[in-house]
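Text of run13.cif (mmCIF, C-alpha atoms and all ligand atoms) as supplied:
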```cif
data_upload
loop_
_atom_site.label_atom_id
_atom_site.label_comp_id
_atom_site.auth_asym_id
_atom_site.auth_seq_id
_atom_site.Cartn_x
_atom_site.Cartn_y
_atom_site.Cartn_z
CA MET A 15 20.07 8.12 -31.80
CA LYS A 16 17.94 5.74 -29.75
CA VAL A 17 16.16 7.45 -26.87
CA ASP A 18 14.13 5.43 -24.41
CA VAL A 19 13.45 7.91 -21.61
CA ALA A 20 11.54 11.19 -21.51
CA LEU A 21 11.40 13.85 -18.81
CA VAL A 22 8.15 15.79 -18.44
CA PRO A 23 8.29 18.90 -16.23
CA ALA A 24 4.82 19.11 -14.70
CA ALA A 25 5.35 20.96 -11.44
CA GLY A 26 3.78 24.24 -12.57
CA ARG A 27 1.01 25.39 -10.26
CA GLY A 28 -1.28 26.20 -13.15
CA THR A 29 -2.07 29.71 -12.03
CA ARG A 30 -3.50 30.57 -15.45
CA MET A 31 -5.98 27.72 -15.02
CA ARG A 32 -7.42 28.69 -11.63
CA PRO A 33 -9.80 27.64 -10.19
CA ALA A 34 -9.59 24.32 -12.10
CA THR A 35 -6.15 23.74 -10.58
CA ASN A 36 -6.99 24.67 -6.96
CA ALA A 37 -6.77 21.03 -5.88
CA ILE A 38 -5.83 19.12 -9.05
CA PRO A 39 -2.43 19.17 -10.78
CA LYS A 40 -2.73 20.96 -14.12
CA ALA A 41 -1.31 17.89 -15.87
CA LEU A 42 -4.40 15.91 -14.83
CA LEU A 43 -6.97 18.26 -16.36
CA THR A 44 -8.96 16.38 -18.98
CA VAL A 45 -8.41 17.03 -22.67
CA VAL A 46 -11.19 15.31 -24.63
CA ASP A 47 -11.27 12.07 -22.62
CA ARG A 48 -7.94 11.71 -20.82
CA PRO A 49 -5.63 13.85 -18.70
CA SER A 50 -3.39 16.16 -20.67
CA ILE A 51 -0.26 14.37 -19.43
CA GLN A 52 -1.53 11.11 -20.90
CA TRP A 53 -1.45 12.71 -24.36
CA VAL A 54 2.23 13.50 -23.75
CA VAL A 55 3.03 9.99 -22.48
CA GLU A 56 1.25 8.48 -25.51
CA GLU A 57 3.33 10.66 -27.82
CA ALA A 58 6.48 9.43 -26.05
CA ALA A 59 5.35 5.82 -26.38
CA ARG A 60 4.80 6.26 -30.13
CA ALA A 61 8.46 7.29 -30.41
CA GLY A 62 9.65 4.16 -28.59
CA VAL A 63 10.07 5.62 -25.10
CA THR A 64 9.66 3.05 -22.32
CA GLU A 65 10.20 5.25 -19.25
CA VAL A 66 8.75 8.66 -18.47
CA VAL A 67 10.05 10.71 -15.55
CA VAL A 68 7.48 13.30 -14.52
CA VAL A 69 8.81 16.17 -12.41
CA VAL A 70 6.07 17.24 -10.00
CA ASP A 71 5.62 19.52 -7.02
CA PRO A 72 5.54 17.86 -3.57
CA ASP A 73 1.73 17.41 -3.69
CA GLY A 74 1.42 16.13 -7.24
CA GLY A 75 3.46 12.91 -7.41
CA ALA A 76 1.23 10.23 -5.92
CA ILE A 77 -1.88 11.12 -7.88
CA ILE A 78 -0.07 11.22 -11.24
CA GLU A 79 1.64 7.88 -10.56
CA ARG A 80 -1.71 6.41 -9.51
CA HIS A 81 -3.25 7.42 -12.83
CA PHE A 82 -0.62 5.51 -14.78
CA ASP A 83 -0.74 2.51 -12.38
CA GLU A 84 -4.26 1.79 -13.64
CA SER A 85 -2.80 0.28 -16.77
CA ARG A 86 -5.90 -1.76 -17.58
CA PHE A 87 -7.53 1.54 -18.59
CA LEU A 88 -4.52 2.60 -20.66
CA PRO A 89 -4.34 0.49 -23.80
CA GLY A 90 -1.04 0.93 -25.57
CA LEU A 91 0.77 2.21 -22.51
CA SER A 92 1.44 -1.07 -20.69
CA GLY A 93 5.07 -1.05 -21.84
CA VAL A 94 5.72 2.42 -20.45
CA LYS A 95 6.78 3.02 -16.87
CA VAL A 96 5.80 6.42 -15.47
CA ARG A 97 7.50 7.62 -12.30
CA ALA A 98 7.33 10.89 -10.44
CA VAL A 99 10.29 12.91 -9.17
CA ILE A 100 9.70 15.77 -6.77
CA GLN A 101 10.89 19.31 -7.44
CA GLU A 102 10.94 20.77 -3.93
CA GLU A 103 10.81 24.42 -4.98
CA ALA A 104 9.52 26.04 -8.17
CA LYS A 105 12.66 27.77 -9.45
CA GLY A 106 12.12 27.52 -13.19
CA LEU A 107 12.09 25.07 -16.08
CA GLY A 108 15.85 24.48 -15.99
CA HIS A 109 15.65 23.74 -12.29
CA ALA A 110 12.83 21.26 -12.94
CA VAL A 111 14.92 19.42 -15.52
CA LEU A 112 17.85 19.33 -13.11
CA ALA A 113 15.58 17.66 -10.54
CA GLY A 114 15.40 14.68 -12.90
CA ARG A 115 19.16 14.21 -13.09
CA GLU A 116 19.42 11.14 -10.89
CA ALA A 117 16.45 9.42 -12.53
CA ILE A 118 17.84 10.04 -16.04
CA GLY A 119 21.43 9.08 -15.23
CA LEU A 120 23.72 8.86 -18.23
CA ARG A 121 21.07 8.34 -20.90
CA PRO A 122 20.03 10.69 -23.71
CA PHE A 123 16.51 11.89 -23.01
CA PHE A 124 13.63 13.86 -24.44
CA VAL A 125 12.17 16.82 -22.57
CA MET A 126 8.48 17.23 -23.32
CA LEU A 127 6.64 20.23 -21.90
CA ALA A 128 3.35 19.05 -20.44
CA ASP A 129 1.40 22.12 -21.59
CA ASP A 130 2.20 21.44 -25.24
CA LEU A 131 0.30 18.69 -27.06
CA VAL A 132 0.79 17.41 -30.59
CA ARG A 133 -1.93 16.02 -32.79
CA PRO A 134 -1.61 12.21 -32.75
CA GLY A 135 -0.68 12.07 -36.46
CA GLU A 136 2.28 14.36 -35.98
CA GLU A 137 5.70 13.23 -34.87
CA LEU A 138 8.48 15.42 -33.57
CA LEU A 139 10.48 13.15 -31.27
CA SER A 140 11.58 10.73 -33.97
CA HIS A 141 12.78 13.70 -36.03
CA LEU A 142 14.76 15.05 -33.07
CA ALA A 143 16.37 11.62 -32.64
CA ARG A 144 17.31 11.55 -36.32
CA ALA A 145 18.69 15.10 -36.19
CA ALA A 146 20.99 14.28 -33.28
CA ASP A 147 24.57 13.37 -33.80
CA LEU A 148 26.02 10.76 -31.43
CA ASP A 149 26.52 13.33 -28.74
CA THR A 150 24.68 16.53 -29.58
CA SER A 151 21.48 17.88 -28.14
CA VAL A 152 18.62 19.06 -30.36
CA VAL A 153 15.83 21.57 -29.80
CA TYR A 154 12.65 21.81 -31.84
CA VAL A 155 12.26 25.27 -33.41
CA ARG A 156 9.47 26.78 -35.44
CA ARG A 157 9.47 30.16 -37.17
CA LEU A 158 7.26 32.73 -35.49
CA PRO A 159 6.38 36.33 -36.41
CA ASP A 160 8.38 39.07 -34.63
CA GLY A 161 5.53 39.93 -32.29
CA MET A 162 5.51 36.47 -30.72
CA LEU A 163 9.21 36.21 -29.87
CA GLY A 164 8.75 37.70 -26.41
CA ALA A 165 6.98 34.52 -25.31
CA LYS A 166 9.57 31.90 -26.29
CA GLY A 167 13.20 30.95 -26.23
CA VAL A 168 14.84 32.02 -29.51
CA VAL A 169 17.98 30.51 -31.05
CA VAL A 170 20.99 32.06 -32.80
CA PRO A 171 21.17 30.11 -36.07
CA GLY A 172 24.45 28.55 -37.19
CA SER A 173 25.24 26.61 -40.33
CA GLY A 174 22.59 24.48 -41.99
CA LEU A 175 23.18 20.73 -42.02
CA SER A 176 20.14 19.84 -44.12
CA ASP A 177 16.77 21.35 -45.05
CA SER A 178 15.49 20.86 -41.52
CA VAL A 179 18.55 20.65 -39.27
CA MET A 180 20.98 23.41 -38.35
CA GLU A 181 23.71 24.04 -35.84
CA ILE A 182 22.90 26.73 -33.31
CA GLU A 183 25.34 29.15 -31.74
CA GLY A 184 23.28 30.41 -28.84
CA ALA A 185 19.80 30.90 -27.41
CA VAL A 186 17.99 33.70 -25.56
CA GLU A 187 14.94 33.33 -23.33
CA LYS A 188 11.98 35.53 -24.35
CA PRO A 189 14.00 38.26 -26.11
CA GLY A 190 11.13 40.19 -27.72
CA ALA A 191 12.45 43.07 -29.88
CA GLY A 192 16.06 42.47 -30.87
CA ALA A 193 15.62 38.69 -31.04
CA PRO A 194 18.53 36.98 -32.80
CA SER A 195 16.21 35.19 -35.27
CA ASN A 196 12.61 34.07 -35.75
CA TYR A 197 13.40 30.47 -34.79
CA ALA A 198 11.51 29.95 -31.54
CA ILE A 199 11.99 26.95 -29.28
CA HIS A 200 8.82 24.92 -28.87
CA GLY A 201 8.26 22.36 -26.13
CA ARG A 202 10.24 19.32 -27.39
CA TYR A 203 13.96 18.80 -26.80
CA LEU A 204 16.47 15.96 -26.97
CA PHE A 205 19.36 16.26 -24.54
CA VAL A 206 22.50 14.30 -23.99
CA PRO A 207 23.35 14.01 -20.28
CA GLU A 208 26.01 16.74 -20.38
CA VAL A 209 23.11 19.22 -20.28
CA PHE A 210 22.98 18.63 -16.52
CA ASP A 211 26.51 20.02 -16.13
CA HIS A 212 25.51 23.04 -18.18
CA LEU A 213 22.37 23.50 -16.07
CA THR A 214 24.39 23.38 -12.88
CA GLY A 215 26.32 26.39 -14.11
CA VAL A 216 23.27 28.42 -15.09
CA ALA A 217 22.51 31.46 -12.91
CA PRO A 218 18.95 32.73 -12.45
CA GLY A 219 17.96 34.49 -15.68
CA TYR A 220 14.68 35.69 -17.20
CA GLY A 221 12.11 36.20 -14.43
CA GLY A 222 14.72 35.31 -11.79
CA GLU A 223 14.37 31.61 -12.72
CA ILE A 224 16.83 28.92 -13.79
CA GLN A 225 16.01 28.80 -17.49
CA LEU A 226 16.39 25.73 -19.68
CA THR A 227 17.09 28.08 -22.60
CA ASP A 228 20.22 29.30 -20.79
CA ALA A 229 21.53 25.72 -20.67
CA VAL A 230 20.72 25.42 -24.40
CA ASP A 231 22.72 28.62 -24.90
CA SER A 232 25.65 27.15 -22.98
CA LEU A 233 25.53 23.90 -25.01
CA ALA A 234 25.27 25.87 -28.25
CA ARG A 235 28.24 28.09 -27.42
CA ALA A 236 30.24 24.91 -26.88
CA GLY A 237 29.17 23.78 -30.37
CA ARG A 238 27.04 20.98 -29.01
CA CYS A 239 23.47 21.80 -29.91
CA ARG A 240 21.39 21.62 -33.06
CA ALA A 241 17.90 22.70 -33.99
CA TYR A 242 15.30 20.69 -35.83
CA VAL A 243 13.19 23.11 -37.88
CA ALA A 244 9.59 22.27 -38.74
CA ASP A 245 6.17 23.84 -38.79
CA VAL A 246 4.31 21.57 -36.40
CA GLU A 247 2.00 23.49 -34.10
CA LEU A 248 1.94 22.49 -30.44
CA LEU A 249 -1.43 22.98 -28.77
CA ASP A 250 -1.01 25.00 -25.56
CA VAL A 251 -3.33 23.70 -22.85
CA GLY A 252 -1.86 25.97 -20.16
CA ASN A 253 -4.41 28.77 -20.51
CA PRO A 254 -8.21 28.66 -20.79
CA LEU A 255 -8.55 29.64 -24.48
CA GLY A 256 -5.73 27.37 -25.60
CA TYR A 257 -7.26 24.60 -23.53
CA LEU A 258 -10.65 25.04 -25.21
CA ARG A 259 -9.01 25.11 -28.62
CA ALA A 260 -6.97 21.96 -27.89
CA ASN A 261 -10.11 20.11 -26.79
CA THR A 262 -11.81 21.10 -30.03
CA VAL A 263 -8.86 20.29 -32.30
CA LEU A 264 -8.16 16.93 -30.65
CA GLY A 265 -11.86 16.10 -30.29
CA LEU A 266 -12.40 16.72 -34.00
CA ALA A 267 -9.31 14.62 -34.79
CA ASP A 268 -10.46 11.60 -32.77
CA PRO A 269 -12.28 8.97 -34.86
CA ALA A 270 -14.37 8.01 -31.80
CA TYR A 271 -15.90 11.48 -31.48
CA ARG A 272 -15.20 13.23 -34.77
CA ASP A 273 -18.51 12.95 -36.59
CA ALA A 274 -20.84 13.44 -33.63
CA TYR A 275 -18.70 16.26 -32.25
CA ARG A 276 -18.54 18.00 -35.60
CA SER A 277 -22.31 18.13 -35.81
CA ILE A 278 -22.49 19.53 -32.26
CA VAL A 279 -20.01 22.27 -33.19
CA ASP A 280 -21.75 22.98 -36.51
CA ASP A 281 -25.13 23.28 -34.76
CA LEU A 282 -23.71 25.67 -32.20
CA LEU A 283 -22.10 27.84 -34.83
CA VAL A 284 -25.33 28.42 -36.79
CA GLU A 285 -27.22 29.50 -33.66
C1 LIG B 301 9.01 27.69 -21.95
C2 LIG B 301 10.48 27.95 -22.22
C3 LIG B 301 10.66 28.68 -23.55
C4 LIG B 301 10.01 27.89 -24.65
C5 LIG B 301 8.55 27.60 -24.31
C6 LIG B 301 8.00 26.63 -25.33
O1 LIG B 301 8.37 28.92 -21.72
O2 LIG B 301 11.02 28.70 -21.14
O3 LIG B 301 12.01 28.85 -23.82
O4 LIG B 301 10.11 28.59 -25.86
O5 LIG B 301 8.41 26.99 -23.02
O6 LIG B 301 6.63 26.57 -25.31
P1 LIG B 301 6.91 29.01 -21.04
O7 LIG B 301 5.92 28.75 -22.16
O8 LIG B 301 6.83 27.96 -19.99
O9 LIG B 301 6.81 30.39 -20.50
#
```
Using C-alpha cells, write down the structure that the file contains.
Amino acid sequence: MKVDVALVPAAGRGTRMRPATNAIPKALLTVVDRPSIQWVVEEAARAGVTEVVVVVDPDGGAIIERHFDESRFLPGLSGVKVRAVIQEEAKGLGHAVLAGREAIGLRPFFVMLADDLVRPGEELLSHLARAADLDTSVVYVRRLPDGMLGAKGVVVPGSGLSDSVMEIEGAVEKPGAGAPSNYAIHGRYLFVPEVFDHLTGVAPGYGGEIQLTDAVDSLARAGRCRAYVADVELLDVGNPLGYLRANTVLGLADPAYRDAYRSIVDDLLVE
C-alpha cells in the first residue's frame, strides 16, 4: 500500500519532562542536534511520506510549524510539508488522532508517536505498508515480558499470515496481569480512513481517555486489522532516563559525532 501522509500526535504536555517543558513543547526538545519531532519527520520522509500532520495543543502549533518552515536548515526534508492541527482538549491518544480527521481525509495514513524514535538504519513504516492489505489497518507489535504489559496496548492474536504478519482479533489498553498475549503495540501504526468511524464510537476507556487501542480493538473485531511483528526497539524520549539513553544511542550512531562522542563516554566511564 502506498502511504504519503503521517499523523504525529504531539499535544502531550510533557509532565514527565518538567521543567524542560514548562514553556517549550516536548516535541521540540533536542535529541543530539535536532528536535525530537524532526527525527520522526525524517523517518516518515525515508518511507516516502510527503505530508506530516502534527496534532498539537493550542499553544504548540505555530512554533512547530516555524521549525519546519526553515527548510534551508533541513536537508532532505524540502519535499515534506509539515502542518499543525490543534487538539483543543487533551482527552487521550484516540481523541488526538480524531482531531486529524479533516486533514487526513480519505487517505491511508501512518500514526507515529512523537515520544518514540527509531534508529535511522531501522525501518518500520515500509514494513507496515507491505503488511497491509488493500483496506486493512496494521499495528506494529513487539513481544514484551509479562511485567511490561501494563504499560502498553496488547493485541489478541489471530491467524498468522506470514512469519511477521498476523491477523488480530482484538486489543486491550494496558492490561497488566491477564493480558491476552505478549504482543505489545509500539508507537507505529498504519490506518485506513475507516478508523475515524471506529474512533467516533469509542467511549472513554483506560484512564478515562479516548484510547487509540480501543479503536484498534473495534477494527480487529470487525476483522480489519493486522499486526506486523518485529523486534525493533523504539527509543522513548518522554521521560528523563529514556531521553538520556536516546541521546546516547543516537549520538553514538551518528557518523558526525560517533568517534568523538565515544571517547567522551569512555573517558567518563573510567573515572
Ligand atoms: C500509548 C498507547 C499504547 C501503546 C504505547 C506505545 O501509550 O496508548 O497503547 O502501546 O503508546 O508506546 P503511552 O505510552 O502514551 O502511555
Which residues, written as a PyMOL selection string, have at least one atom at most 9 Å from A:Pro39, with only C-alpha atoms counted and residues fewer than 5 positions away on the same chain left out?
-> chain A and resi 24-28+34+70-71+73-74+77-78
Residues at most 7 Å from stretch 181-190 of chain A, counting only C-alpha atoms, excluding those fewer than 5 positions away in the same chain, as a list in words?
-> Leu163, Gly164, Ala165, Lys166, Gly167, Val168, Val169, Val170, Pro171, Gly172, Ser173, Gly174, Tyr220, Thr227, Asp228, Val230, Asp231, Ala234, Arg235, Gly237, Cys239, Arg240 and Ala241 of chain A
Please build the interface table for stretch 114-228 of chain A against stretch 248-253 of chain A with a cut-off of 9 Å, listing for each qualifying residue the nearest atom pair and the distance in Å to one decimal; count only C-alpha atoms, order rows by chain and increasing number, and write it as a tab-separated table.
```
residue	atom	partner	partner_atom	distance
A:Ala128	CA	A:Val251	CA	8.5
A:Asp129	CA	A:Val251	CA	5.1
A:Asp130	CA	A:Asp250	CA	4.8
A:Leu131	CA	A:Leu249	CA	4.9
A:Val132	CA	A:Leu248	CA	5.2
A:Arg133	CA	A:Leu248	CA	7.9
A:His200	CA	A:Leu248	CA	7.5
A:Gly201	CA	A:Leu248	CA	7.7
```
Write out as number ranges by chain each polymer residue whose atoms come within 9 Å of stretch 264-266 of chain A, counting only C-alpha atoms; drop sequence neighbours fewer than 5 positions from it.
-> A: 45-47, 132-134, 259, 271-273, 275-276
Take the selection from the previous step and output its residues with C-alpha atoms, as an mmCIF file, keeping the file's coordinate frame.
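Heads up, here's the output in part.cif:
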```cif
data_model
loop_
_atom_site.group_PDB
_atom_site.id
_atom_site.type_symbol
_atom_site.label_atom_id
_atom_site.label_comp_id
_atom_site.auth_asym_id
_atom_site.auth_seq_id
_atom_site.Cartn_x
_atom_site.Cartn_y
_atom_site.Cartn_z
ATOM 1 C CA VAL A 45 -8.410 17.030 -22.670
ATOM 2 C CA VAL A 46 -11.190 15.310 -24.630
ATOM 3 C CA ASP A 47 -11.270 12.070 -22.620
ATOM 4 C CA VAL A 132 0.790 17.410 -30.590
ATOM 5 C CA ARG A 133 -1.930 16.020 -32.790
ATOM 6 C CA PRO A 134 -1.610 12.210 -32.750
ATOM 7 C CA ARG A 259 -9.010 25.110 -28.620
ATOM 8 C CA TYR A 271 -15.900 11.480 -31.480
ATOM 9 C CA ARG A 272 -15.200 13.230 -34.770
ATOM 10 C CA ASP A 273 -18.510 12.950 -36.590
ATOM 11 C CA TYR A 275 -18.700 16.260 -32.250
ATOM 12 C CA ARG A 276 -18.540 18.000 -35.600
#
```
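For the atom pair formed by atom CA of A:Glu247 and atom CA of A:Val152, the distance is 17.6 Å, given to one decimal.
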For atom CA of A:Ala191 and atom CA of A:Ile224, the interatomic separation in Å (one decimal) =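 Separation between atom CA of A:Ala191 and atom CA of A:Ile224: 21.9 Å.
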List the residues sitting within 12 Å of (28.8, 24.9, -16.3) in the file's frame, using only C-alpha atoms, as a ChimeraX atom specification.
-> /A:208-217,228-233,235-236
Which residues come within 10 Å of A:His81, counting all atoms listed in the file, excluding same-chain residues fewer than 3 positions away, as a PyMOL selection string?
-> chain A and resi 42+49+52+76-78+84-85+87-88+96
A:Glu116 environment, 12 Å, all atoms listed in the file, sequence neighbours closer than 5 positions dropped, as a list in words =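 Answer for this query is Leu21, Val67, Val69, Val99, Ile100, Val111, Arg121, Pro207 and Phe210 of chain A.
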Shortest interatomic distance to ligand LIG 301 (chain B) - which of A:Ala110, A:Met180, A:Val284, A:Leu258, counting only C-alpha atoms and all ligand atoms |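 Of A:Ala110, A:Met180, A:Val284, A:Leu258, the one nearest ligand LIG 301 (chain B) is A:Ala110, counting only C-alpha atoms and all ligand atoms.
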Using only C-alpha atoms and all ligand atoms, which of A:Leu204, A:Gly90, A:Arg60, A:Pro23 sits nearest ligand LIG 301 (chain B)?
-> A:Pro23
Which of these, A:Ala98, A:Leu226, A:Leu112, A:Val125, has the shortest distance to A:Val63 once you count all atoms listed in the file?
->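 Between A:Ala98, A:Leu226, A:Leu112, A:Val125, the residue approaching A:Val63 most closely is A:Val125.
Between atom CA of A:Arg157 and atom CA of A:Tyr242 the separation is 11.2 Å.
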With all atoms listed in the file as the basis for distance, which of A:Pro89, A:Gly119, A:Gly75, A:Gly221 is at the shortest distance from ligand LIG 301 (chain B)?
->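 When distances to ligand LIG 301 (chain B) are compared using all atoms listed in the file, the smallest one comes from A:Gly221.
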Using all atoms listed in the file, find the one residue out of A:Phe123, A:Tyr197, A:Tyr257, A:Phe205 that sits nearest to ligand LIG 301 (chain B).
->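 Looking only at the distances to ligand LIG 301 (chain B), the closest residue turns out to be A:Tyr197.
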Could the centre and edge lengths of an axis-aligned box, enclosing all atoms of ligand LIG 301 (chain B) in the file with 8 Å extra on each side, be given in Å to one decimal as JSON?
```
{"center_x": 9.0, "center_y": 28.5, "center_z": -22.9, "size_x": 22.1, "size_y": 19.8, "size_z": 21.9}
```
Assuming the input is short of atoms at stretch 105-136 of chain A, produce N, CA and C atoms for that part as a PDB file, keeping the file's coordinate frame.
```pdb
ATOM      1  N   LYS A 105      11.644  26.760  -9.114  1.00  0.00           N
ATOM      2  CA  LYS A 105      12.660  27.770  -9.450  1.00  0.00           C
ATOM      3  C   LYS A 105      12.914  27.852 -10.932  1.00  0.00           C
ATOM      4  N   GLY A 106      11.970  27.366 -11.745  1.00  0.00           N
ATOM      5  CA  GLY A 106      12.120  27.520 -13.190  1.00  0.00           C
ATOM      6  C   GLY A 106      12.246  26.187 -13.913  1.00  0.00           C
ATOM      7  N   LEU A 107      12.092  26.276 -15.246  1.00  0.00           N
ATOM      8  CA  LEU A 107      12.090  25.070 -16.080  1.00  0.00           C
ATOM      9  C   LEU A 107      13.441  24.344 -16.034  1.00  0.00           C
ATOM     10  N   GLY A 108      14.520  25.107 -16.057  1.00  0.00           N
ATOM     11  CA  GLY A 108      15.850  24.480 -15.990  1.00  0.00           C
ATOM     12  C   GLY A 108      16.035  23.751 -14.672  1.00  0.00           C
ATOM     13  N   HIS A 109      15.567  24.352 -13.623  1.00  0.00           N
ATOM     14  CA  HIS A 109      15.650  23.740 -12.290  1.00  0.00           C
ATOM     15  C   HIS A 109      14.833  22.452 -12.243  1.00  0.00           C
ATOM     16  N   ALA A 110      13.670  22.458 -12.896  1.00  0.00           N
ATOM     17  CA  ALA A 110      12.830  21.260 -12.940  1.00  0.00           C
ATOM     18  C   ALA A 110      13.549  20.117 -13.668  1.00  0.00           C
ATOM     19  N   VAL A 111      14.198  20.461 -14.778  1.00  0.00           N
ATOM     20  CA  VAL A 111      14.920  19.420 -15.520  1.00  0.00           C
ATOM     21  C   VAL A 111      16.071  18.873 -14.675  1.00  0.00           C
ATOM     22  N   LEU A 112      16.748  19.764 -13.968  1.00  0.00           N
ATOM     23  CA  LEU A 112      17.850  19.330 -13.110  1.00  0.00           C
ATOM     24  C   LEU A 112      17.369  18.370 -12.012  1.00  0.00           C
ATOM     25  N   ALA A 113      16.128  18.553 -11.571  1.00  0.00           N
ATOM     26  CA  ALA A 113      15.580  17.660 -10.540  1.00  0.00           C
ATOM     27  C   ALA A 113      15.500  16.214 -11.029  1.00  0.00           C
ATOM     28  N   GLY A 114      15.477  16.038 -12.351  1.00  0.00           N
ATOM     29  CA  GLY A 114      15.400  14.680 -12.900  1.00  0.00           C
ATOM     30  C   GLY A 114      16.743  14.032 -13.131  1.00  0.00           C
ATOM     31  N   ARG A 115      17.820  14.690 -12.742  1.00  0.00           N
ATOM     32  CA  ARG A 115      19.160  14.210 -13.090  1.00  0.00           C
ATOM     33  C   ARG A 115      19.431  12.772 -12.641  1.00  0.00           C
ATOM     34  N   GLU A 116      19.112  12.469 -11.404  1.00  0.00           N
ATOM     35  CA  GLU A 116      19.420  11.140 -10.890  1.00  0.00           C
ATOM     36  C   GLU A 116      18.589  10.075 -11.617  1.00  0.00           C
ATOM     37  N   ALA A 117      17.325  10.385 -11.867  1.00  0.00           N
ATOM     38  CA  ALA A 117      16.450   9.420 -12.530  1.00  0.00           C
ATOM     39  C   ALA A 117      16.886   9.164 -13.979  1.00  0.00           C
ATOM     40  N   ILE A 118      17.423  10.173 -14.633  1.00  0.00           N
ATOM     41  CA  ILE A 118      17.840  10.040 -16.040  1.00  0.00           C
ATOM     42  C   ILE A 118      19.196   9.350 -16.135  1.00  0.00           C
ATOM     43  N   GLY A 119      20.092   9.688 -15.201  1.00  0.00           N
ATOM     44  CA  GLY A 119      21.430   9.080 -15.230  1.00  0.00           C
ATOM     45  C   GLY A 119      22.199   9.499 -16.459  1.00  0.00           C
ATOM     46  N   LEU A 120      22.831   8.541 -17.113  1.00  0.00           N
ATOM     47  CA  LEU A 120      23.720   8.860 -18.230  1.00  0.00           C
ATOM     48  C   LEU A 120      23.090   8.567 -19.587  1.00  0.00           C
ATOM     49  N   ARG A 121      21.774   8.645 -19.648  1.00  0.00           N
ATOM     50  CA  ARG A 121      21.070   8.340 -20.900  1.00  0.00           C
ATOM     51  C   ARG A 121      20.684   9.624 -21.645  1.00  0.00           C
ATOM     52  N   PRO A 122      20.656   9.573 -22.987  1.00  0.00           N
ATOM     53  CA  PRO A 122      20.030  10.690 -23.710  1.00  0.00           C
ATOM     54  C   PRO A 122      18.542  10.686 -23.397  1.00  0.00           C
ATOM     55  N   PHE A 123      17.926  11.856 -23.390  1.00  0.00           N
ATOM     56  CA  PHE A 123      16.510  11.890 -23.010  1.00  0.00           C
ATOM     57  C   PHE A 123      15.772  13.025 -23.713  1.00  0.00           C
ATOM     58  N   PHE A 124      14.490  12.799 -23.933  1.00  0.00           N
ATOM     59  CA  PHE A 124      13.630  13.860 -24.440  1.00  0.00           C
ATOM     60  C   PHE A 124      13.138  14.696 -23.273  1.00  0.00           C
ATOM     61  N   VAL A 125      12.967  15.995 -23.477  1.00  0.00           N
ATOM     62  CA  VAL A 125      12.170  16.820 -22.570  1.00  0.00           C
ATOM     63  C   VAL A 125      10.909  17.205 -23.326  1.00  0.00           C
ATOM     64  N   MET A 126       9.775  16.952 -22.696  1.00  0.00           N
ATOM     65  CA  MET A 126       8.480  17.230 -23.320  1.00  0.00           C
ATOM     66  C   MET A 126       7.686  18.112 -22.363  1.00  0.00           C
ATOM     67  N   LEU A 127       7.377  19.332 -22.789  1.00  0.00           N
ATOM     68  CA  LEU A 127       6.640  20.230 -21.900  1.00  0.00           C
ATOM     69  C   LEU A 127       5.169  19.798 -21.853  1.00  0.00           C
ATOM     70  N   ALA A 128       4.664  19.654 -20.621  1.00  0.00           N
ATOM     71  CA  ALA A 128       3.350  19.050 -20.440  1.00  0.00           C
ATOM     72  C   ALA A 128       2.207  19.924 -20.944  1.00  0.00           C
ATOM     73  N   ASP A 129       2.450  21.228 -21.083  1.00  0.00           N
ATOM     74  CA  ASP A 129       1.400  22.120 -21.590  1.00  0.00           C
ATOM     75  C   ASP A 129       1.213  22.015 -23.094  1.00  0.00           C
ATOM     76  N   ASP A 130       2.160  21.401 -23.772  1.00  0.00           N
ATOM     77  CA  ASP A 130       2.200  21.440 -25.240  1.00  0.00           C
ATOM     78  C   ASP A 130       1.859  20.072 -25.811  1.00  0.00           C
ATOM     79  N   LEU A 131       0.736  19.981 -26.508  1.00  0.00           N
ATOM     80  CA  LEU A 131       0.300  18.690 -27.060  1.00  0.00           C
ATOM     81  C   LEU A 131       0.430  18.701 -28.579  1.00  0.00           C
ATOM     82  N   VAL A 132       0.814  17.536 -29.128  1.00  0.00           N
ATOM     83  CA  VAL A 132       0.790  17.410 -30.590  1.00  0.00           C
ATOM     84  C   VAL A 132      -0.459  16.650 -31.009  1.00  0.00           C
ATOM     85  N   ARG A 133      -0.866  16.858 -32.237  1.00  0.00           N
ATOM     86  CA  ARG A 133      -1.930  16.020 -32.790  1.00  0.00           C
ATOM     87  C   ARG A 133      -1.350  14.620 -32.962  1.00  0.00           C
ATOM     88  N   PRO A 134      -2.153  13.563 -32.726  1.00  0.00           N
ATOM     89  CA  PRO A 134      -1.610  12.210 -32.750  1.00  0.00           C
ATOM     90  C   PRO A 134      -0.926  11.824 -34.066  1.00  0.00           C
ATOM     91  N   GLY A 135      -1.326  12.434 -35.188  1.00  0.00           N
ATOM     92  CA  GLY A 135      -0.680  12.070 -36.460  1.00  0.00           C
ATOM     93  C   GLY A 135       0.675  12.717 -36.648  1.00  0.00           C
ATOM     94  N   GLU A 136       1.052  13.613 -35.752  1.00  0.00           N
ATOM     95  CA  GLU A 136       2.280  14.360 -35.980  1.00  0.00           C
ATOM     96  C   GLU A 136       3.400  13.888 -35.067  1.00  0.00           C
TER      97      GLU A 136
END
```
